[in-house]
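> Structure provided below as structure tokens; questions to follow.
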Amino acid sequence: MTAVKTGAPPARANAPMDIRLFTIPGSHPGWSARLMLEYKGIAYKRTDLLPVVSWGVLKALRFPGATVPAIKLDGRRVQGSREIARELERIKPQPPLFPADPDRRAAVEEAERFGDMELQQPIRQILLRMWRKNTSPLGSYLEGARIGLPHGLAAKTAGPFIALDGRANEASDANVRDDISILPGLLQRVDDWIAEGVLGGEQLNAADFQIAPSLRLAMSLEDLRPAIENRPAGELALRVVPDYPGRTPPVLPADWLEPLHAAA
Ligand SMILES: N[C@@H](CCC(=O)N[C@@H](CS)C(=O)NCC(=O)O)C(=O)O
């Protein structure tokens with residue numbers, strides 16, 4: 001996790017804050033941050049960045065890392081979806097993102113860690129691999145985004161950026177095949193947490209907001225959607241994020257998808 005909190009002052013009740021979220025359209029942890037801000041009822045402004053371009057922008061803004069989501073709050077910088085969850089909880093404790101009971105909180109934090117450290121990256125690698133040869137689906141992920149240039153032009157010129165991002169994220173064929181083979185196990189863990197009541201309770205929590213956007217992004221990939229949509233994990237994703245932009249038509253070789261069919 002990456003975070004910088006420089007002398008965070010204690011939260012002042014009802015004091016309006018100047019909050020800006022930096023994200024990338026379609027970024028799953030970016031959606032986690034958006035959903036948590038909205039759940040808390042915290043007003044914020046949003047800057048949409050394009051992948052790779054984001055590296056330089058975040059550096060120029062003096063964030064310590066190169067990833068979104070990142071937020072500036074009254075001049076302070078907080079980066080990383082889990083750090084943002086804790087900062088939002090600190091500045092506005094209600095409604096809560098974490099249960100008060102220590103055991104239940106530990107379970108939610110473990111599911112949240114899993115979402116950040118184990119679920120996000122395989123989905124990211126599969127997506128980048130699917131866009132490697134054809135970036136035209138990218139335009140559909142820009143719905144509602146303000147990127148400073150026409151969406152069609154961005155999709156058309158994205159090839160070299162996606163290639164660079166794919167290399168930076170090690171979205172190789174071998175890694176993507178591994179990702180697909182572990183996906184059934186990842187989905188099972190989510191289903192199990194739902195059955196145990198750690199996820200998908202009446203009151204949503206930080207782990208729901210962490211995990212659901214990754215599942216929702218995965219469901220935008222038509223190669224993966226059938227393996228997700230009809231199970232508790234898929235239902236949770238649709239409940240927490242009813243509208244997630246983007247759709248990538250099937251493109252992966254059939255034998256790569258075997259592990260999904262075998263698990264089904
Ligand atoms: N796991 C971290 C990292 C997030 C992450 O890797 N974000 C991606 C977007 S989904 C990013 O900013 N990548 C840089 C790029 O694509 O150029 C978190 O949840 O905050």
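As shown in the structure tokens, the chain order sets the letters A, B, ...; within each chain, residues go from 1, and ligands are also counted from 1 in the order they appear.
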7 Å from ligand 1 is the threshold here; counting only C-alpha atoms and all ligand atoms, which polymer residues fall inside it? Answer as a list of chain:residue names.
A:Met1, A:Ile24, A:Ser27, A:His28, A:Pro29, A:Gly30, A:Pro51, A:Val52, A:Val53, A:Ser54, A:Trp55, A:Ala66, A:Thr67, A:Val68, A:Pro69, A:Gln79, A:Gly80, A:Ser81, A:Arg82, A:Asp116, A:Met117, A:Gln120, A:Arg124, A:Asp165
> Produce a file of the selected residues containing N, CA and C atoms, as an mmCIF file, in the first residue's frame.

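Contents of selection23.cif, freshly written:
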```cif
data_model
loop_
_atom_site.group_PDB
_atom_site.id
_atom_site.type_symbol
_atom_site.label_atom_id
_atom_site.label_comp_id
_atom_site.auth_asym_id
_atom_site.auth_seq_id
_atom_site.Cartn_x
_atom_site.Cartn_y
_atom_site.Cartn_z
ATOM 1 N N MET A 1 0.856 -1.183 0.000
ATOM 2 C CA MET A 1 0.000 0.000 0.000
ATOM 3 C C MET A 1 0.896 1.239 0.000
ATOM 4 N N ILE A 24 -8.730 6.956 -13.029
ATOM 5 C CA ILE A 24 -8.663 6.630 -14.453
ATOM 6 C C ILE A 24 -10.025 6.033 -14.808
ATOM 7 N N SER A 27 -11.122 2.423 -13.950
ATOM 8 C CA SER A 27 -10.242 1.842 -12.915
ATOM 9 C C SER A 27 -11.101 1.273 -11.787
ATOM 10 N N HIS A 28 -10.916 -0.003 -11.487
ATOM 11 C CA HIS A 28 -11.749 -0.638 -10.452
ATOM 12 C C HIS A 28 -11.487 -0.045 -9.067
ATOM 13 N N PRO A 29 -10.211 0.126 -8.626
ATOM 14 C CA PRO A 29 -10.051 0.783 -7.318
ATOM 15 C C PRO A 29 -10.482 2.254 -7.352
ATOM 16 N N GLY A 30 -10.421 2.862 -8.550
ATOM 17 C CA GLY A 30 -10.942 4.234 -8.680
ATOM 18 C C GLY A 30 -12.432 4.251 -8.370
ATOM 19 N N PRO A 51 -4.522 6.291 -18.667
ATOM 20 C CA PRO A 51 -3.448 5.424 -18.198
ATOM 21 C C PRO A 51 -2.104 5.879 -18.764
ATOM 22 N N VAL A 52 -1.074 5.691 -18.037
ATOM 23 C CA VAL A 52 0.310 6.054 -18.363
ATOM 24 C C VAL A 52 0.519 7.559 -18.211
ATOM 25 N N VAL A 53 -0.357 8.372 -18.860
ATOM 26 C CA VAL A 53 -0.285 9.826 -18.661
ATOM 27 C C VAL A 53 -0.411 10.108 -17.157
ATOM 28 N N SER A 54 -1.204 9.257 -16.492
ATOM 29 C CA SER A 54 -1.446 9.422 -15.054
ATOM 30 C C SER A 54 -0.146 9.385 -14.253
ATOM 31 N N TRP A 55 0.836 8.608 -14.719
ATOM 32 C CA TRP A 55 2.089 8.484 -13.961
ATOM 33 C C TRP A 55 2.730 9.861 -13.767
ATOM 34 N N ALA A 66 2.513 5.898 -8.290
ATOM 35 C CA ALA A 66 2.094 6.203 -9.660
ATOM 36 C C ALA A 66 0.702 5.675 -9.971
ATOM 37 N N THR A 67 -0.058 5.301 -8.937
ATOM 38 C CA THR A 67 -1.353 4.685 -9.218
ATOM 39 C C THR A 67 -2.527 5.525 -8.696
ATOM 40 N N VAL A 68 -3.671 5.287 -9.327
ATOM 41 C CA VAL A 68 -4.940 5.818 -8.836
ATOM 42 C C VAL A 68 -5.666 4.676 -8.139
ATOM 43 N N PRO A 69 -6.562 4.967 -7.206
ATOM 44 C CA PRO A 69 -7.055 6.282 -6.829
ATOM 45 C C PRO A 69 -6.077 7.025 -5.916
ATOM 46 N N GLN A 79 -3.118 8.215 -1.017
ATOM 47 C CA GLN A 79 -3.093 7.397 -2.238
ATOM 48 C C GLN A 79 -3.290 5.927 -1.875
ATOM 49 N N GLY A 80 -4.073 5.248 -2.692
ATOM 50 C CA GLY A 80 -4.345 3.823 -2.446
ATOM 51 C C GLY A 80 -5.766 3.647 -1.935
ATOM 52 N N SER A 81 -6.474 2.644 -2.478
ATOM 53 C CA SER A 81 -7.891 2.499 -2.128
ATOM 54 C C SER A 81 -8.095 2.177 -0.650
ATOM 55 N N ARG A 82 -7.204 1.371 -0.056
ATOM 56 C CA ARG A 82 -7.413 1.043 1.372
ATOM 57 C C ARG A 82 -7.080 2.231 2.269
ATOM 58 N N ASP A 116 -7.768 -5.964 -2.655
ATOM 59 C CA ASP A 116 -6.701 -5.081 -3.127
ATOM 60 C C ASP A 116 -5.518 -5.885 -3.669
ATOM 61 N N MET A 117 -5.065 -6.868 -2.891
ATOM 62 C CA MET A 117 -3.788 -7.522 -3.202
ATOM 63 C C MET A 117 -3.910 -8.784 -4.058
ATOM 64 N N GLN A 120 -7.549 -7.571 -7.588
ATOM 65 C CA GLN A 120 -7.405 -6.462 -8.544
ATOM 66 C C GLN A 120 -6.492 -6.790 -9.729
ATOM 67 N N ARG A 124 -6.934 -6.792 -13.885
ATOM 68 C CA ARG A 124 -6.211 -5.752 -14.641
ATOM 69 C C ARG A 124 -5.392 -6.380 -15.757
ATOM 70 N N ASP A 165 1.319 0.069 -20.652
ATOM 71 C CA ASP A 165 0.651 -0.282 -19.396
ATOM 72 C C ASP A 165 0.636 -1.798 -19.215
#
```
> Do a neighbour search on Asn175 (chain A) at 12 Å with only C-alpha atoms, toss out local chain neighbours closer than 5 positions, and write the hits as a list in words.
Gln121, Pro122, Ile123, Arg124, Gln125, Ile126, Leu128, Arg129, Gly166, Arg167, Asn169, Glu170, Ile180, Ser181, Ile182 and Trp256 of chain A
> Just how far from CA of Ser136 (chain A) is CA of Thr157 (chain A), in Å to one decimal?
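Interatomic distance here is 9.6 Å.
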> Please, which residues in region 35-122 of chain A fall within 12 Å of region 237-253 of chain A when counting only C-alpha atoms, and what is the closest atom pair and distance in Å to one decimal for each, ordered by chain then residue number, as a Markdown table?

```
| residue | atom | partner | partner_atom | distance |
| --- | --- | --- | --- | --- |
| A:Leu35 | CA | A:Val241 | CA | 8.2 |
| A:Met36 | CA | A:Val240 | CA | 10.7 |
| A:Glu38 | CA | A:Val240 | CA | 11.8 |
| A:Tyr39 | CA | A:Val240 | CA | 10.5 |
```
> Since we have the selection now, will you write its residues out, keeping N, CA and C atoms, as a compact mmCIF listing (two decimals), in the first residue's frame?

```
# COMPACT_ATOMS: atom_id res chain seq x y z
N LEU A 35 -17.26 5.13 -4.91
CA LEU A 35 -18.41 4.57 -4.19
C LEU A 35 -18.34 4.90 -2.70
N MET A 36 -17.13 4.87 -2.14
CA MET A 36 -17.00 5.14 -0.70
C MET A 36 -17.27 6.62 -0.42
N GLU A 38 -19.25 8.48 -2.11
CA GLU A 38 -20.70 8.67 -2.26
C GLU A 38 -21.46 8.05 -1.08
N TYR A 39 -21.04 6.90 -0.62
CA TYR A 39 -21.67 6.23 0.53
C TYR A 39 -21.58 7.12 1.77
```
> Quick one: everything within 12 Å of Glu143 (chain A), counting only C-alpha atoms, minus sequence neighbours fewer than 2 positions away in the same chain. Send it as JSON, numbers by chain.
{"A": [24, 25, 26, 48, 137, 138, 139, 140, 141, 145, 146, 147, 150, 151, 152, 155, 243, 244, 245, 246, 247]}
> For the residues in the current selection, export N, CA and C atoms as a PDB file, in the first residue's frame.

```pdb
ATOM      1  N   ILE A  24      -8.730   6.956 -13.029  1.00  0.00           N
ATOM      2  CA  ILE A  24      -8.663   6.630 -14.453  1.00  0.00           C
ATOM      3  C   ILE A  24     -10.025   6.033 -14.808  1.00  0.00           C
ATOM      4  N   PRO A  25     -10.648   6.460 -15.925  1.00  0.00           N
ATOM      5  CA  PRO A  25     -11.962   5.896 -16.253  1.00  0.00           C
ATOM      6  C   PRO A  25     -11.873   4.368 -16.320  1.00  0.00           C
ATOM      7  N   GLY A  26     -12.820   3.715 -15.690  1.00  0.00           N
ATOM      8  CA  GLY A  26     -12.830   2.247 -15.710  1.00  0.00           C
ATOM      9  C   GLY A  26     -11.931   1.610 -14.666  1.00  0.00           C
ATOM     10  N   ASP A  48     -10.301  12.937 -14.178  1.00  0.00           N
ATOM     11  CA  ASP A  48     -10.102  11.673 -14.892  1.00  0.00           C
ATOM     12  C   ASP A  48      -8.794  11.743 -15.665  1.00  0.00           C
ATOM     13  N   PRO A 137     -12.689  -1.256 -27.779  1.00  0.00           N
ATOM     14  CA  PRO A 137     -13.630  -1.340 -26.644  1.00  0.00           C
ATOM     15  C   PRO A 137     -13.374  -0.264 -25.600  1.00  0.00           C
ATOM     16  N   LEU A 138     -12.144   0.261 -25.586  1.00  0.00           N
ATOM     17  CA  LEU A 138     -11.772   1.242 -24.554  1.00  0.00           C
ATOM     18  C   LEU A 138     -12.731   2.437 -24.513  1.00  0.00           C
ATOM     19  N   GLY A 139     -13.230   2.819 -25.708  1.00  0.00           N
ATOM     20  CA  GLY A 139     -14.137   3.971 -25.770  1.00  0.00           C
ATOM     21  C   GLY A 139     -15.345   3.781 -24.863  1.00  0.00           C
ATOM     22  N   SER A 140     -15.834   2.547 -24.756  1.00  0.00           N
ATOM     23  CA  SER A 140     -17.042   2.321 -23.948  1.00  0.00           C
ATOM     24  C   SER A 140     -16.771   2.530 -22.456  1.00  0.00           C
ATOM     25  N   TYR A 141     -15.505   2.417 -22.046  1.00  0.00           N
ATOM     26  CA  TYR A 141     -15.152   2.616 -20.629  1.00  0.00           C
ATOM     27  C   TYR A 141     -15.020   4.106 -20.292  1.00  0.00           C
ATOM     28  N   ALA A 145     -16.729  10.149 -18.658  1.00  0.00           N
ATOM     29  CA  ALA A 145     -15.406  10.648 -18.243  1.00  0.00           C
ATOM     30  C   ALA A 145     -15.077  11.964 -18.947  1.00  0.00           C
ATOM     31  N   ARG A 146     -14.342  12.816 -18.213  1.00  0.00           N
ATOM     32  CA  ARG A 146     -13.903  14.082 -18.798  1.00  0.00           C
ATOM     33  C   ARG A 146     -12.380  14.017 -18.916  1.00  0.00           C
ATOM     34  N   ILE A 147     -11.917  13.699 -20.142  1.00  0.00           N
ATOM     35  CA  ILE A 147     -10.485  13.447 -20.292  1.00  0.00           C
ATOM     36  C   ILE A 147      -9.789  14.516 -21.124  1.00  0.00           C
ATOM     37  N   PRO A 150     -11.676  14.106 -27.396  1.00  0.00           N
ATOM     38  CA  PRO A 150     -12.826  13.279 -27.782  1.00  0.00           C
ATOM     39  C   PRO A 150     -12.566  11.799 -27.488  1.00  0.00           C
ATOM     40  N   HIS A 151     -13.592  11.120 -26.982  1.00  0.00           N
ATOM     41  CA  HIS A 151     -13.415   9.724 -26.573  1.00  0.00           C
ATOM     42  C   HIS A 151     -12.980   8.824 -27.731  1.00  0.00           C
ATOM     43  N   GLY A 152     -13.536   9.078 -28.939  1.00  0.00           N
ATOM     44  CA  GLY A 152     -13.180   8.257 -30.102  1.00  0.00           C
ATOM     45  C   GLY A 152     -11.694   8.389 -30.410  1.00  0.00           C
ATOM     46  N   ALA A 155      -9.618   6.496 -27.829  1.00  0.00           N
ATOM     47  CA  ALA A 155      -9.619   5.044 -28.051  1.00  0.00           C
ATOM     48  C   ALA A 155      -8.718   4.684 -29.229  1.00  0.00           C
ATOM     49  N   ASP A 243     -24.268   0.277 -12.203  1.00  0.00           N
ATOM     50  CA  ASP A 243     -23.850   0.778 -13.522  1.00  0.00           C
ATOM     51  C   ASP A 243     -22.343   0.932 -13.561  1.00  0.00           C
ATOM     52  N   TYR A 244     -21.709   0.088 -14.347  1.00  0.00           N
ATOM     53  CA  TYR A 244     -20.253   0.198 -14.527  1.00  0.00           C
ATOM     54  C   TYR A 244     -20.026   0.285 -16.029  1.00  0.00           C
ATOM     55  N   PRO A 245     -19.377   1.332 -16.495  1.00  0.00           N
ATOM     56  CA  PRO A 245     -19.277   1.485 -17.946  1.00  0.00           C
ATOM     57  C   PRO A 245     -18.332   0.459 -18.571  1.00  0.00           C
ATOM     58  N   GLY A 246     -18.564   0.172 -19.851  1.00  0.00           N
ATOM     59  CA  GLY A 246     -17.605  -0.614 -20.607  1.00  0.00           C
ATOM     60  C   GLY A 246     -18.065  -2.014 -20.949  1.00  0.00           C
ATOM     61  N   ARG A 247     -17.573  -2.448 -22.099  1.00  0.00           N
ATOM     62  CA  ARG A 247     -17.874  -3.802 -22.563  1.00  0.00           C
ATOM     63  C   ARG A 247     -16.777  -4.209 -23.535  1.00  0.00           C
TER      64      ARG A 247
END
```
> Which is closer to Ile162 (chain A) than all the others in A:Leu50, A:Leu204, A:Leu37, A:Ala262, using only C-alpha atoms?
A:Leu50
> Write out as a list in words which residues come within 12 Å of Gly234 (chain A) when counting only C-alpha atoms, dropping same-chain ones fewer than 4 positions away.
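The residues that qualify are Leu187, Gln188, Val190, Asp191, Ile194, Gly200, Ile211, Ala212, Pro213, Ser214, Leu215, Arg216, Leu217, Ala218, Met219, Ser220, Leu224, Arg225, Pro226, Ala227, Ile228, Glu229, Asn230, Leu238, Arg239, Val240, Val241 and Pro242 of chain A.
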> Would you export the selected residues with C-alpha atoms as a compact mmCIF listing (two decimals), in the first residue's frame, please?

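Output file result-v1.txt follows:
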```
# COMPACT_ATOMS: atom_id res chain seq x y z
CA LEU A 187 -14.66 -16.15 -6.95
CA GLN A 188 -15.24 -19.00 -4.49
CA VAL A 190 -15.94 -14.11 -2.42
CA ASP A 191 -18.95 -16.46 -2.43
CA ILE A 194 -20.93 -13.64 1.30
CA GLY A 200 -23.02 -8.38 1.10
CA ILE A 211 -14.21 -6.13 -4.18
CA ALA A 212 -17.41 -5.33 -6.10
CA PRO A 213 -15.79 -2.96 -8.66
CA SER A 214 -13.17 -5.61 -9.54
CA LEU A 215 -15.94 -8.13 -10.15
CA ARG A 216 -17.93 -5.56 -12.09
CA LEU A 217 -14.92 -4.76 -14.29
CA ALA A 218 -14.41 -8.50 -14.83
CA MET A 219 -18.07 -8.80 -15.83
CA SER A 220 -17.53 -6.14 -18.50
CA LEU A 224 -15.35 -13.79 -18.14
CA ARG A 225 -18.90 -12.62 -17.52
CA PRO A 226 -20.65 -16.03 -17.83
CA ALA A 227 -18.41 -17.41 -15.05
CA ILE A 228 -19.38 -14.60 -12.66
CA GLU A 229 -22.86 -13.26 -13.26
CA ASN A 230 -24.94 -16.17 -11.93
CA LEU A 238 -24.45 -5.78 -9.50
CA ARG A 239 -25.94 -4.69 -6.18
CA VAL A 240 -22.97 -2.54 -5.16
CA VAL A 241 -22.19 -1.15 -8.64
CA PRO A 242 -25.37 -1.32 -10.72
```
> CA of Asp255 (chain A) and CA of Asp173 (chain A) are how many Å apart?
12.4 Å
> Between CA of Gly185 (chain A) and CA of Met130 (chain A), measure the distance and give it in Å to one decimal.
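We find that CA of Gly185 (chain A) and CA of Met130 (chain A) lie 21.3 Å from each other.
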> May I have all residues of region 35-189 of chain A that DSSP, computed from the backbone, assigns to helix (DSSP H, G or I), given as a ChimeraX atom specification?
/A:35-40,53-60,81-91,102-130,136-142,151-156,159-168,173-189
> From region 60-154 of chain A, collect each residue whose DSSP state is strand (DSSP E or B) and return the set as an MDAnalysis selection string.
chainID A and resid 70:73 76:79
> Kindly save the residues from that selection, with N, CA and C atoms included, as a PDB file, in the first residue's frame.

```pdb
ATOM      1  N   ALA A  70      -6.157   8.354  -6.050  1.00  0.00           N
ATOM      2  CA  ALA A  70      -5.376   9.232  -5.189  1.00  0.00           C
ATOM      3  C   ALA A  70      -6.273  10.429  -4.890  1.00  0.00           C
ATOM      4  N   ILE A  71      -6.225  10.919  -3.658  1.00  0.00           N
ATOM      5  CA  ILE A  71      -7.049  12.089  -3.359  1.00  0.00           C
ATOM      6  C   ILE A  71      -6.233  13.177  -2.673  1.00  0.00           C
ATOM      7  N   LYS A  72      -6.635  14.402  -2.962  1.00  0.00           N
ATOM      8  CA  LYS A  72      -6.107  15.554  -2.230  1.00  0.00           C
ATOM      9  C   LYS A  72      -7.238  16.080  -1.365  1.00  0.00           C
ATOM     10  N   LEU A  73      -6.960  16.200  -0.066  1.00  0.00           N
ATOM     11  CA  LEU A  73      -7.964  16.722   0.867  1.00  0.00           C
ATOM     12  C   LEU A  73      -7.361  17.927   1.560  1.00  0.00           C
ATOM     13  N   ARG A  76      -3.697  17.898   1.582  1.00  0.00           N
ATOM     14  CA  ARG A  76      -3.004  16.658   1.958  1.00  0.00           C
ATOM     15  C   ARG A  76      -3.234  15.591   0.896  1.00  0.00           C
ATOM     16  N   ARG A  77      -2.307  14.652   0.804  1.00  0.00           N
ATOM     17  CA  ARG A  77      -2.394  13.624  -0.231  1.00  0.00           C
ATOM     18  C   ARG A  77      -2.573  12.242   0.395  1.00  0.00           C
ATOM     19  N   VAL A  78      -3.532  11.498  -0.138  1.00  0.00           N
ATOM     20  CA  VAL A  78      -3.741  10.124   0.307  1.00  0.00           C
ATOM     21  C   VAL A  78      -3.892   9.268  -0.950  1.00  0.00           C
ATOM     22  N   GLN A  79      -3.118   8.215  -1.017  1.00  0.00           N
ATOM     23  CA  GLN A  79      -3.093   7.397  -2.238  1.00  0.00           C
ATOM     24  C   GLN A  79      -3.290   5.927  -1.875  1.00  0.00           C
TER      25      GLN A  79
END
```
> Can I get the residues of region 145-253 of chain A within 8 Å of region 96-114 of chain A, each with the closest pair of atoms and their distance in Å to one decimal, using only C-alpha atoms, sorted chain first then ascending number, as CSV?

```
residue,atom,partner,partner_atom,distance
A:Trp193,CA,A:Ala111,CA,7.7
A:Val198,CA,A:Val108,CA,6.0
A:Leu199,CA,A:Val108,CA,7.6
A:Leu204,CA,A:Leu97,CA,7.3
A:Asn205,CA,A:Leu97,CA,4.6
A:Ala206,CA,A:Leu97,CA,4.9
A:Ala207,CA,A:Glu112,CA,4.1
A:Asp208,CA,A:Glu112,CA,7.6
A:Gln210,CA,A:Glu112,CA,6.0
A:Ile211,CA,A:Glu112,CA,7.0
```
> I'd like to know which of A:Arg34, A:Arg62, A:Lys40, A:Met17 is closest to Pro93 (chain A), using only C-alpha atoms.
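The shortest atom-to-atom distance to Pro93 (chain A) comes from A:Lys40.
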> Need the shell around Asp18 (chain A): protein/DNA/RNA residues with any atom at most 9 Å away, counting only C-alpha atoms. Skip same-chain ones fewer than 2 positions apart. Format as an MDAnalysis selection string?
chainID A and resid 16 20 43:45 72:75
> Output N, CA, C and O atoms for every residue in the selection just made, as a compact mmCIF listing (two decimals), in the first residue's frame.

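Ended up saving to part.txt:
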```
# COMPACT_ATOMS: atom_id res chain seq x y z
N PRO A 16 -16.62 22.08 5.68
CA PRO A 16 -16.51 21.62 4.29
C PRO A 16 -15.04 21.43 3.91
O PRO A 16 -14.19 22.22 4.33
N ARG A 20 -10.41 16.39 -3.90
CA ARG A 20 -10.37 16.03 -5.32
C ARG A 20 -9.85 14.61 -5.46
O ARG A 20 -8.82 14.26 -4.91
N ALA A 43 -18.83 15.43 -0.41
CA ALA A 43 -18.75 16.11 -1.70
C ALA A 43 -17.30 16.12 -2.18
O ALA A 43 -16.38 16.31 -1.39
N TYR A 44 -17.11 15.92 -3.47
CA TYR A 44 -15.74 15.90 -4.01
C TYR A 44 -15.76 16.26 -5.48
O TYR A 44 -16.81 16.19 -6.14
N LYS A 45 -14.59 16.65 -5.96
CA LYS A 45 -14.44 16.87 -7.41
C LYS A 45 -13.60 15.73 -7.94
O LYS A 45 -12.86 15.09 -7.18
N LYS A 72 -6.63 14.40 -2.96
CA LYS A 72 -6.11 15.55 -2.23
C LYS A 72 -7.24 16.08 -1.37
O LYS A 72 -8.34 16.32 -1.86
N LEU A 73 -6.96 16.20 -0.07
CA LEU A 73 -7.96 16.72 0.87
C LEU A 73 -7.36 17.93 1.56
O LEU A 73 -6.39 17.77 2.31
N ASP A 74 -7.92 19.07 1.29
CA ASP A 74 -7.38 20.31 1.87
C ASP A 74 -5.85 20.34 1.75
O ASP A 74 -5.14 20.68 2.70
N GLY A 75 -5.34 19.92 0.59
CA GLY A 75 -3.90 19.99 0.33
C GLY A 75 -3.13 18.75 0.75
O GLY A 75 -1.99 18.56 0.33
```
> Taking only C-alpha atoms into account, name the residue in A:Leu119, A:Ile91, A:Ala33, A:Ala85 that is nearest to Arg46 (chain A).
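Among the listed residues, the smallest separation from Arg46 (chain A) belongs to A:Ala33.
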